[in-house]
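Novice: File follows, start_36.cif with mmCIF, C-alpha atoms:
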```cif
data_start
loop_
_atom_site.group_PDB
_atom_site.id
_atom_site.type_symbol
_atom_site.label_atom_id
_atom_site.label_comp_id
_atom_site.auth_asym_id
_atom_site.auth_seq_id
_atom_site.Cartn_x
_atom_site.Cartn_y
_atom_site.Cartn_z
ATOM 1 C CA MET A 1 20.596 -16.965 -20.876
ATOM 2 C CA SER A 2 17.135 -15.627 -21.727
ATOM 3 C CA TYR A 3 14.409 -15.303 -19.126
ATOM 4 C CA SER A 4 12.103 -17.848 -20.780
ATOM 5 C CA PHE A 5 14.943 -20.364 -20.993
ATOM 6 C CA SER A 6 15.677 -20.027 -17.295
ATOM 7 C CA ILE A 7 11.973 -20.488 -16.464
ATOM 8 C CA LYS A 8 11.901 -23.567 -18.672
ATOM 9 C CA LEU A 9 14.977 -24.899 -16.900
ATOM 10 C CA LEU A 10 13.326 -24.236 -13.560
ATOM 11 C CA LEU A 11 10.206 -26.031 -14.751
ATOM 12 C CA TYR A 12 12.168 -29.134 -15.726
ATOM 13 C CA PHE A 13 14.067 -29.007 -12.444
ATOM 14 C CA THR A 14 10.903 -28.828 -10.339
ATOM 15 C CA ARG A 15 9.388 -31.706 -12.304
ATOM 16 C CA PHE A 16 12.512 -33.767 -11.732
ATOM 17 C CA LEU A 17 12.572 -32.801 -8.053
ATOM 18 C CA PHE A 18 8.940 -33.828 -7.618
ATOM 19 C CA LEU A 19 9.509 -37.159 -9.315
ATOM 20 C CA PHE A 20 12.668 -37.788 -7.344
ATOM 21 C CA SER A 21 11.201 -36.871 -3.963
ATOM 22 C CA THR A 22 8.106 -39.005 -4.600
ATOM 23 C CA LEU A 23 10.161 -42.019 -5.658
ATOM 24 C CA PHE A 24 12.559 -41.469 -2.798
ATOM 25 C CA GLY A 25 9.733 -41.303 -0.302
ATOM 26 C CA LEU A 26 8.115 -44.427 -1.707
ATOM 27 C CA SER A 27 11.376 -46.335 -1.546
ATOM 28 C CA TYR A 28 12.294 -45.154 1.933
ATOM 29 C CA LEU A 29 8.903 -45.724 3.468
ATOM 30 C CA PRO A 30 8.998 -49.540 3.513
ATOM 31 C CA CYS A 31 12.529 -49.415 4.890
ATOM 32 C CA MET A 32 11.476 -47.157 7.744
ATOM 33 C CA VAL A 33 8.363 -49.166 8.488
ATOM 34 C CA TYR A 34 10.534 -52.284 8.580
ATOM 35 C CA GLY A 35 12.886 -50.567 11.029
ATOM 36 C CA LEU A 36 9.963 -49.280 13.065
ATOM 37 C CA PHE A 37 9.082 -52.839 14.015
ATOM 38 C CA GLY A 38 12.579 -53.413 15.321
ATOM 39 C CA ASN A 39 13.998 -55.198 12.292
ATOM 40 C CA GLU A 40 17.575 -54.446 11.327
ATOM 41 C CA VAL A 41 17.879 -51.743 8.715
ATOM 42 C CA ASN A 42 20.745 -49.524 7.602
ATOM 43 C CA LEU A 43 19.214 -46.428 9.075
ATOM 44 C CA LEU A 44 21.050 -44.174 11.470
ATOM 45 C CA VAL A 45 19.631 -41.492 13.658
ATOM 46 C CA ASN A 46 21.687 -38.386 14.229
ATOM 47 C CA VAL A 47 21.470 -37.962 17.971
ATOM 48 C CA ASP A 48 21.842 -34.194 17.851
ATOM 49 C CA SER A 49 19.333 -33.393 15.152
ATOM 50 C CA GLY A 50 17.061 -36.421 15.084
ATOM 51 C CA ASP A 51 17.692 -36.794 11.350
ATOM 52 C CA ILE A 52 17.489 -40.222 9.835
ATOM 53 C CA LEU A 53 20.227 -41.182 7.433
ATOM 54 C CA TRP A 54 20.734 -44.186 5.247
ATOM 55 C CA GLU A 55 24.296 -45.319 5.430
ATOM 56 C CA LYS A 56 26.428 -47.324 3.138
ATOM 57 C CA LYS A 57 29.832 -48.063 4.441
ATOM 58 C CA VAL A 58 32.440 -47.757 1.742
ATOM 59 C CA GLU A 59 36.019 -48.693 2.415
ATOM 60 C CA LEU A 60 38.226 -46.080 0.890
ATOM 61 C CA PHE A 61 41.248 -45.394 3.002
ATOM 62 C CA GLY A 62 41.711 -48.621 4.842
ATOM 63 C CA SER A 63 39.731 -50.512 7.386
ATOM 64 C CA ASP A 64 39.803 -47.857 10.067
ATOM 65 C CA HIS A 65 38.344 -45.159 7.943
ATOM 66 C CA ALA A 66 35.032 -45.423 6.193
ATOM 67 C CA LEU A 67 33.524 -42.655 4.192
ATOM 68 C CA THR A 68 29.855 -42.959 3.475
ATOM 69 C CA LYS A 69 28.435 -42.488 0.072
ATOM 70 C CA PRO A 70 26.322 -39.385 -0.231
ATOM 71 C CA ASP A 71 23.420 -40.043 2.022
ATOM 72 C CA LEU A 72 20.030 -38.502 2.079
ATOM 73 C CA SER A 73 18.678 -37.454 5.388
ATOM 74 C CA ILE A 74 14.940 -38.009 5.498
ATOM 75 C CA ALA A 75 13.994 -35.599 8.237
ATOM 76 C CA SER A 76 15.963 -32.697 6.865
ATOM 77 C CA LEU A 77 15.908 -33.904 3.253
ATOM 78 C CA SER A 78 19.367 -32.688 2.505
ATOM 79 C CA PHE A 79 22.334 -34.268 0.866
ATOM 80 C CA ASN A 80 25.225 -34.777 3.225
ATOM 81 C CA PHE A 81 28.663 -36.096 2.714
ATOM 82 C CA THR A 82 29.254 -37.414 6.157
ATOM 83 C CA ASP A 83 32.327 -38.869 7.657
ATOM 84 C CA VAL A 84 31.072 -41.716 9.724
ATOM 85 C CA PHE A 85 33.561 -43.711 11.666
ATOM 86 C CA TYR A 86 32.364 -46.806 13.339
ATOM 87 C CA THR A 87 33.394 -48.649 16.361
ATOM 88 C CA ASP A 88 32.419 -52.238 16.648
ATOM 89 C CA SER A 89 30.415 -51.438 19.720
ATOM 90 C CA LEU A 90 28.275 -49.027 17.802
ATOM 91 C CA SER A 91 27.655 -51.459 15.020
ATOM 92 C CA THR A 92 26.663 -54.296 17.212
ATOM 93 C CA THR A 93 25.465 -52.777 20.435
ATOM 94 C CA PRO A 94 22.720 -50.205 20.651
ATOM 95 C CA LEU A 95 23.979 -46.921 22.013
ATOM 96 C CA TYR A 96 20.972 -46.639 24.277
ATOM 97 C CA ALA A 97 21.759 -49.896 25.994
ATOM 98 C CA ASN A 98 25.333 -48.785 26.497
ATOM 99 C CA SER A 99 24.252 -45.593 28.116
ATOM 100 C CA LYS A 100 21.919 -47.453 30.448
ATOM 101 C CA GLU A 101 24.875 -49.401 31.750
ATOM 102 C CA GLY A 102 26.801 -46.170 32.139
ATOM 103 C CA SER A 103 29.574 -47.156 29.808
ATOM 104 C CA ASP A 104 31.833 -44.841 27.848
ATOM 105 C CA LEU A 105 30.350 -42.054 25.851
ATOM 106 C CA VAL A 106 29.905 -43.703 22.527
ATOM 107 C CA SER A 107 30.790 -41.230 19.909
ATOM 108 C CA VAL A 108 31.102 -42.381 16.367
ATOM 109 C CA HIS A 109 34.587 -40.991 16.209
ATOM 110 C CA PRO A 110 36.546 -38.917 18.700
ATOM 111 C CA HIS A 111 36.992 -36.135 16.179
ATOM 112 C CA SER A 112 33.642 -36.405 14.499
ATOM 113 C CA HIS A 113 30.932 -33.932 15.284
ATOM 114 C CA SER A 114 28.265 -36.377 14.240
ATOM 115 C CA LYS A 115 26.921 -38.961 16.594
ATOM 116 C CA PHE A 116 24.719 -41.693 15.275
ATOM 117 C CA VAL A 117 22.677 -44.495 16.670
ATOM 118 C CA LEU A 118 20.978 -47.327 14.845
ATOM 119 C CA PHE A 119 17.323 -46.603 14.269
ATOM 120 C CA HIS A 120 16.062 -50.074 15.024
ATOM 121 C CA SER A 121 17.972 -50.169 18.303
ATOM 122 C CA LEU A 122 16.058 -47.286 19.817
ATOM 123 C CA PRO A 123 13.095 -47.833 22.131
ATOM 124 C CA ILE A 124 9.769 -48.139 20.359
ATOM 125 C CA PHE A 125 8.403 -44.778 21.448
ATOM 126 C CA LEU A 126 11.500 -42.984 20.159
ATOM 127 C CA ARG A 127 11.318 -44.900 16.921
ATOM 128 C CA LEU A 128 7.677 -43.939 16.563
ATOM 129 C CA MET A 129 8.398 -40.280 17.243
ATOM 130 C CA ILE A 130 11.292 -40.105 14.820
ATOM 131 C CA PHE A 131 9.314 -42.065 12.233
ATOM 132 C CA THR A 132 6.331 -39.706 12.534
ATOM 133 C CA ASN A 133 8.624 -36.698 12.293
ATOM 134 C CA ALA A 134 10.312 -38.079 9.189
ATOM 135 C CA ILE A 135 7.080 -39.104 7.471
ATOM 136 C CA LEU A 136 5.396 -35.770 8.104
ATOM 137 C CA THR A 137 8.447 -33.857 6.879
ATOM 138 C CA LEU A 138 8.672 -36.014 3.782
ATOM 139 C CA LEU A 139 4.970 -35.618 3.046
ATOM 140 C CA PHE A 140 5.068 -31.857 3.472
ATOM 141 C CA PHE A 141 8.188 -31.633 1.337
ATOM 142 C CA VAL A 142 6.561 -33.593 -1.488
ATOM 143 C CA MET A 143 3.505 -31.312 -1.287
ATOM 144 C CA ILE A 144 5.750 -28.230 -1.410
ATOM 145 C CA VAL A 145 7.517 -29.523 -4.493
ATOM 146 C CA TYR A 146 4.166 -30.411 -6.111
ATOM 147 C CA HIS A 147 2.803 -26.895 -5.592
ATOM 148 C CA LEU A 148 6.104 -25.375 -6.667
ATOM 149 C CA LYS A 149 5.976 -27.411 -9.871
ATOM 150 C CA SER A 150 2.432 -26.214 -10.487
ATOM 151 C CA PHE A 151 3.399 -22.615 -9.736
ATOM 152 C CA VAL A 152 6.391 -22.635 -12.070
ATOM 153 C CA PHE A 153 4.222 -24.164 -14.813
ATOM 154 C CA LYS A 154 1.712 -21.320 -14.392
ATOM 155 C CA ILE A 155 4.517 -18.773 -14.659
ATOM 156 C CA TYR A 156 5.856 -20.549 -17.730
ATOM 157 C CA SER A 157 2.351 -20.393 -19.261
ATOM 158 C CA ASP A 158 2.232 -16.629 -18.598
ATOM 159 C CA SER A 159 -0.616 -17.063 -16.127
ATOM 160 C CA TYR A 160 0.946 -14.883 -13.486
ATOM 161 C CA PHE A 161 -2.091 -13.473 -11.759
ATOM 162 C CA GLU A 162 -4.502 -16.373 -11.481
ATOM 163 C CA LEU A 163 -6.292 -17.748 -8.455
ATOM 164 C CA GLN A 164 -4.550 -21.088 -8.892
ATOM 165 C CA THR A 165 -1.143 -19.378 -8.751
ATOM 166 C CA ILE A 166 -2.040 -17.725 -5.468
ATOM 167 C CA THR A 167 -3.346 -21.015 -4.078
ATOM 168 C CA ASN A 168 -0.047 -22.694 -4.953
ATOM 169 C CA LEU A 169 1.933 -19.995 -3.178
ATOM 170 C CA LYS A 170 -0.319 -20.159 -0.122
ATOM 171 C CA TYR A 171 0.077 -23.924 0.177
ATOM 172 C CA ILE A 172 3.857 -23.662 -0.207
ATOM 173 C CA SER A 173 3.841 -21.138 2.621
ATOM 174 C CA TYR A 174 1.633 -23.328 4.843
ATOM 175 C CA TYR A 175 3.695 -26.449 4.294
ATOM 176 C CA LEU A 176 6.972 -24.624 4.981
ATOM 177 C CA ILE A 177 5.603 -23.394 8.292
ATOM 178 C CA LEU A 178 4.263 -26.867 9.068
ATOM 179 C CA ILE A 179 7.670 -28.438 8.428
ATOM 180 C CA TRP A 180 9.224 -25.932 10.785
ATOM 181 C CA LEU A 181 6.561 -26.685 13.398
ATOM 182 C CA VAL A 182 7.176 -30.421 13.121
ATOM 183 C CA ASP A 183 10.911 -29.873 13.425
ATOM 184 C CA PHE A 184 10.439 -27.456 16.324
ATOM 185 C CA SER A 185 8.099 -29.693 18.281
ATOM 186 C CA SER A 186 10.170 -32.808 17.686
ATOM 187 C CA THR A 187 13.268 -30.997 18.964
ATOM 188 C CA PHE A 188 11.637 -30.327 22.301
ATOM 189 C CA ILE A 189 10.053 -33.757 22.456
ATOM 190 C CA LEU A 190 13.258 -35.543 21.551
ATOM 191 C CA SER A 191 15.697 -33.466 23.597
ATOM 192 C CA PRO A 192 15.208 -35.291 26.925
ATOM 193 C CA PHE A 193 15.785 -38.556 25.123
ATOM 194 C CA GLN A 194 18.788 -37.205 23.279
ATOM 195 C CA SER A 195 20.444 -36.628 26.598
ATOM 196 C CA SER A 196 19.627 -40.125 27.723
ATOM 197 C CA MET A 197 21.302 -41.427 24.609
ATOM 198 C CA LEU A 198 24.579 -39.911 25.677
ATOM 199 C CA ILE A 199 25.423 -40.758 29.260
ATOM 200 C CA THR A 200 29.094 -40.703 29.981
ATOM 201 C CA LYS A 201 31.003 -43.015 32.241
ATOM 202 C CA ALA A 202 31.016 -40.402 34.960
ATOM 203 C CA GLY A 203 27.228 -40.294 34.765
ATOM 204 C CA ILE A 204 27.185 -36.774 33.399
ATOM 205 C CA VAL A 205 24.213 -36.236 31.197
ATOM 206 C CA SER A 206 24.939 -34.043 28.255
ATOM 207 C CA LEU A 207 21.941 -32.037 27.205
ATOM 208 C CA SER A 208 21.830 -31.298 23.557
ATOM 209 C CA LEU A 209 19.098 -28.843 22.724
ATOM 210 C CA ASN A 210 19.217 -27.941 19.087
ATOM 211 C CA PHE A 211 16.941 -25.051 18.259
ATOM 212 C CA PRO A 212 15.811 -25.608 14.690
ATOM 213 C CA THR A 213 16.773 -22.883 12.286
ATOM 214 C CA ILE A 214 14.014 -20.445 11.504
ATOM 215 C CA ASN A 215 14.932 -20.278 7.838
ATOM 216 C CA LEU A 216 11.913 -22.337 6.905
ATOM 217 C CA LEU A 217 9.652 -20.142 9.016
ATOM 218 C CA PHE A 218 10.943 -16.974 7.352
ATOM 219 C CA ALA A 219 10.616 -18.539 3.936
ATOM 220 C CA GLY A 220 7.027 -19.523 4.742
ATOM 221 C CA PHE A 221 6.165 -16.016 5.873
ATOM 222 C CA ILE A 222 7.810 -14.360 2.892
ATOM 223 C CA ILE A 223 6.007 -16.621 0.440
ATOM 224 C CA GLY A 224 2.747 -15.925 2.297
ATOM 225 C CA VAL A 225 3.316 -12.216 1.824
ATOM 226 C CA LEU A 226 4.101 -12.851 -1.825
ATOM 227 C CA ALA A 227 0.781 -14.675 -2.188
ATOM 228 C CA HIS A 228 -0.975 -11.653 -0.686
ATOM 229 C CA VAL A 229 0.764 -9.353 -3.164
ATOM 230 C CA PHE A 230 -0.221 -11.655 -6.029
ATOM 231 C CA SER A 231 -3.864 -11.505 -4.893
ATOM 232 C CA HIS A 232 -3.759 -7.730 -5.394
ATOM 233 C CA GLY A 233 -2.288 -8.429 -8.792
ATOM 234 C CA VAL A 234 -5.333 -10.563 -9.586
ATOM 235 C CA ALA A 235 -7.635 -7.674 -8.644
ATOM 236 C CA LEU A 236 -5.633 -5.287 -10.832
ATOM 237 C CA LYS A 237 -5.709 -7.742 -13.698
ATOM 238 C CA GLU A 238 -9.483 -8.059 -13.353
ATOM 239 C CA ASP A 239 -9.840 -4.273 -13.396
ATOM 240 C CA ASN A 240 -7.628 -4.060 -16.447
ATOM 241 C CA LYS A 241 -9.604 -6.797 -18.176
ATOM 242 C CA LEU A 242 -12.864 -4.923 -17.589
ATOM 243 C CA THR A 243 -11.437 -1.602 -18.728
ATOM 244 C CA ILE A 244 -12.608 -1.024 -22.313
ATOM 245 C CA MET B 1 -24.140 4.226 -11.067
ATOM 246 C CA ILE B 2 -23.158 4.966 -14.656
ATOM 247 C CA VAL B 3 -25.495 3.565 -17.282
ATOM 248 C CA VAL B 4 -24.187 2.973 -20.819
ATOM 249 C CA ASN B 5 -26.827 3.753 -23.422
ATOM 250 C CA LEU B 6 -24.907 2.299 -26.327
ATOM 251 C CA ASP B 7 -27.794 0.275 -27.712
ATOM 252 C CA VAL B 8 -29.962 3.445 -27.806
ATOM 253 C CA MET B 9 -27.354 5.274 -29.911
ATOM 254 C CA LEU B 10 -26.831 2.242 -32.132
ATOM 255 C CA ALA B 11 -30.570 2.128 -32.800
ATOM 256 C CA LYS B 12 -30.634 5.876 -33.597
ATOM 257 C CA ARG B 13 -27.753 5.546 -36.036
ATOM 258 C CA LYS B 14 -29.137 2.246 -37.369
ATOM 259 C CA MET B 15 -25.844 0.533 -36.799
ATOM 260 C CA SER B 16 -25.164 -2.978 -35.527
ATOM 261 C CA LEU B 17 -22.752 -3.857 -32.775
ATOM 262 C CA THR B 18 -20.591 -5.800 -35.222
ATOM 263 C CA GLU B 19 -20.337 -2.773 -37.508
ATOM 264 C CA LEU B 20 -19.420 -0.514 -34.607
ATOM 265 C CA SER B 21 -16.813 -3.052 -33.444
ATOM 266 C CA GLY B 22 -15.151 -3.012 -36.848
ATOM 267 C CA LYS B 23 -15.153 0.785 -37.120
ATOM 268 C CA VAL B 24 -13.969 1.495 -33.594
ATOM 269 C CA GLY B 25 -11.445 -1.343 -33.419
ATOM 270 C CA ILE B 26 -12.770 -2.946 -30.251
ATOM 271 C CA THR B 27 -13.613 -6.633 -29.997
ATOM 272 C CA MET B 28 -17.209 -7.780 -29.885
ATOM 273 C CA SER B 29 -16.740 -9.229 -26.426
ATOM 274 C CA ASN B 30 -15.491 -5.903 -25.024
ATOM 275 C CA LEU B 31 -18.343 -3.989 -26.651
ATOM 276 C CA SER B 32 -20.742 -6.534 -25.249
ATOM 277 C CA ILE B 33 -19.276 -5.985 -21.752
ATOM 278 C CA LEU B 34 -19.703 -2.250 -22.239
ATOM 279 C CA LYS B 35 -23.252 -2.581 -23.496
ATOM 280 C CA LYS B 36 -24.292 -4.825 -20.600
ATOM 281 C CA GLY B 37 -22.861 -2.390 -18.064
ATOM 282 C CA LYS B 38 -20.269 -4.793 -16.698
ATOM 283 C CA ALA B 39 -17.293 -2.649 -17.590
ATOM 284 C CA ARG B 40 -15.363 -1.175 -14.652
ATOM 285 C CA ALA B 41 -13.807 1.681 -16.612
ATOM 286 C CA ILE B 42 -13.572 3.106 -20.095
ATOM 287 C CA ARG B 43 -10.555 4.806 -21.604
ATOM 288 C CA PHE B 44 -10.933 8.276 -23.079
ATOM 289 C CA SER B 45 -9.483 7.006 -26.332
ATOM 290 C CA THR B 46 -12.225 4.375 -26.561
ATOM 291 C CA LEU B 47 -14.939 6.898 -25.703
ATOM 292 C CA GLU B 48 -13.543 9.292 -28.310
ATOM 293 C CA SER B 49 -13.593 6.548 -30.975
ATOM 294 C CA ILE B 50 -17.180 5.566 -30.164
ATOM 295 C CA CYS B 51 -18.376 9.177 -30.183
ATOM 296 C CA ARG B 52 -16.616 9.835 -33.471
ATOM 297 C CA VAL B 53 -18.212 6.815 -35.175
ATOM 298 C CA LEU B 54 -21.683 7.390 -33.693
ATOM 299 C CA GLU B 55 -21.399 11.163 -34.157
ATOM 300 C CA CYS B 56 -22.563 11.924 -30.654
ATOM 301 C CA GLN B 57 -21.473 13.381 -27.320
ATOM 302 C CA PRO B 58 -20.261 11.339 -24.330
ATOM 303 C CA ALA B 59 -23.407 12.389 -22.472
ATOM 304 C CA ASP B 60 -25.452 10.609 -25.150
ATOM 305 C CA ILE B 61 -23.756 7.344 -24.254
ATOM 306 C CA LEU B 62 -23.060 7.714 -20.527
ATOM 307 C CA GLU B 63 -25.756 8.592 -17.997
ATOM 308 C CA TYR B 64 -25.552 8.863 -14.235
ATOM 309 C CA LYS B 65 -28.281 7.281 -12.141
ATOM 310 C CA ALA B 66 -28.336 7.499 -8.381
ATOM 311 C CA ASP B 67 -27.952 4.035 -6.896
ATOM 312 C CA PHE B 68 -30.123 4.041 -3.746
ATOM 313 C CA ASP B 69 -29.340 0.425 -2.893
ATOM 314 C CA SER B 70 -25.634 1.143 -2.299
#
```
Since I need it in another form, could you write the structure as structure tokens?

Specialist:
Amino acid sequence: MSYSFSIKLLLYFTRFLFLFSTLFGLSYLPCMVYGLFGNEVNLLVNVDSGDILWEKKVELFGSDHALTKPDLSIASLSFNFTDVFYTDSLSTTPLYANSKEGSDLVSVHPHSHSKFVLFHSLPIFLRLMIFTNAILTLLFFVMIVYHLKSFVFKIYSDSYFELQTITNLKYISYYLILIWLVDFSSTFILSPFQSSMLITKAGIVSLSLNFPTINLLFAGFIIGVLAHVFSHGVALKEDNKLTI
Amino acid sequence: MIVVNLDVMLAKRKMSLTELSGKVGITMSNLSILKKGKARAIRFSTLESICRVLECQPADILEYKADFDS
């Protein structure tokens, strides 16, 4: 596979990714706003991570086992194949209300590592926090993909050392760090409420403090350094251009 | 600063910039940059070509002037 072909492939992929993420965001936004006002929507919140997932229950192996279709988590914007097992109590009764009454620890499934709660069943302030987190992450992600698309197009057009290329890289770096900051701050803000979502019968509060991975932060820093290196490239290019 | 006296030599040899461009093999835009003093550097090969065509020494084209402002 030649280099130019791989760049072209990358260009098409980034264009597709930008279109997809924009359309996805536009289609999810009304659904989340609808759920924000307490209306019933098929949105689940992962109690541990604060991610929002759209679920579609698909009966595959009988009535006691439901495997979701590939779902797209808004907050983390990743594709997950998730085994989600429901109990009737989860479907019909908000987990938060259950925990207030000190009932059994409502896990989605005894063997599942994922615990979900219906988005619209959460208290309004939690809904607002999770909604803000998701919207900001989605917005920053779309901006990252937009600048990445622009950057790859510049590379494809052989405009390696241009000011616009450096600007694209800088914005990608900023938005990556911003996404990490949003994730980081929401983890600490949500963690006290995560524990209140999971109160066992014995009244033991389980604290779940998930420290967000610093992959995004490292990626942001590395791309920032790359932008700095490219700026020196621009200076060298200018010198070369003015060398007769 | 280094001052490029290309137009002086062109006048002495009664040659136009276009003619010099064709003989030396440098584009008009680059020669214009050189003539206006906006060039950051000049290659020896370019200087050699210009001196050969204009039948002069590098000192006839390049002159040093003390820049008191900097």

Novice: Taking all atoms listed in the file into account, name the residue in A:Ser231, A:Thr137, A:Ser121, A:Thr187 that is nearest to A:Thr167.

Specialist: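 For A:Thr167, the nearest of the given residues is A:Ser231.
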
Novice: Quick one: apply the PyMOL selection byres ((chain B) within 7 of (chain A)) to the file and drop the selected residues here as a ChimeraX atom specification.

Specialist: /B:30,39-43,46

Novice: Closest to B:Glu19 among B:Ala59, B:Ile50, B:Ile33, B:Ile2, using only C-alpha atoms?

Specialist: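 Answer, going by the shortest atom-to-atom distance: B:Ile50.
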
Novice: So which residues touch A:Phe18 within 12 Å, counting only C-alpha atoms, skipping near sequence neighbours fewer than 3 positions away, as a list in words?

Specialist: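 Counting only C-alpha atoms, the residues come to Leu11, Tyr12, Phe13, Thr14, Arg15, Ser21, Thr22, Leu23, Phe24, Gly25, Leu138, Leu139, Phe140, Phe141, Val142, Met143, Ile144, Val145, Tyr146, His147, Leu148, Lys149 and Ser150 of chain A.
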
Novice: Name the residues that the PyMOL selection byres ((chain A and resi 34-38) around 10) pulls out of this structure, and write them as a list of chain:residue names.

Specialist: A:Tyr28, A:Leu29, A:Pro30, A:Cys31, A:Met32, A:Val33, A:Asn39, A:Glu40, A:Val41, A:Asn42, A:Leu43, A:Leu118, A:Phe119, A:His120, A:Ser121, A:Leu122, A:Pro123, A:Ile124, A:Phe125, A:Leu126, A:Arg127, A:Leu128, A:Ile130, A:Phe131
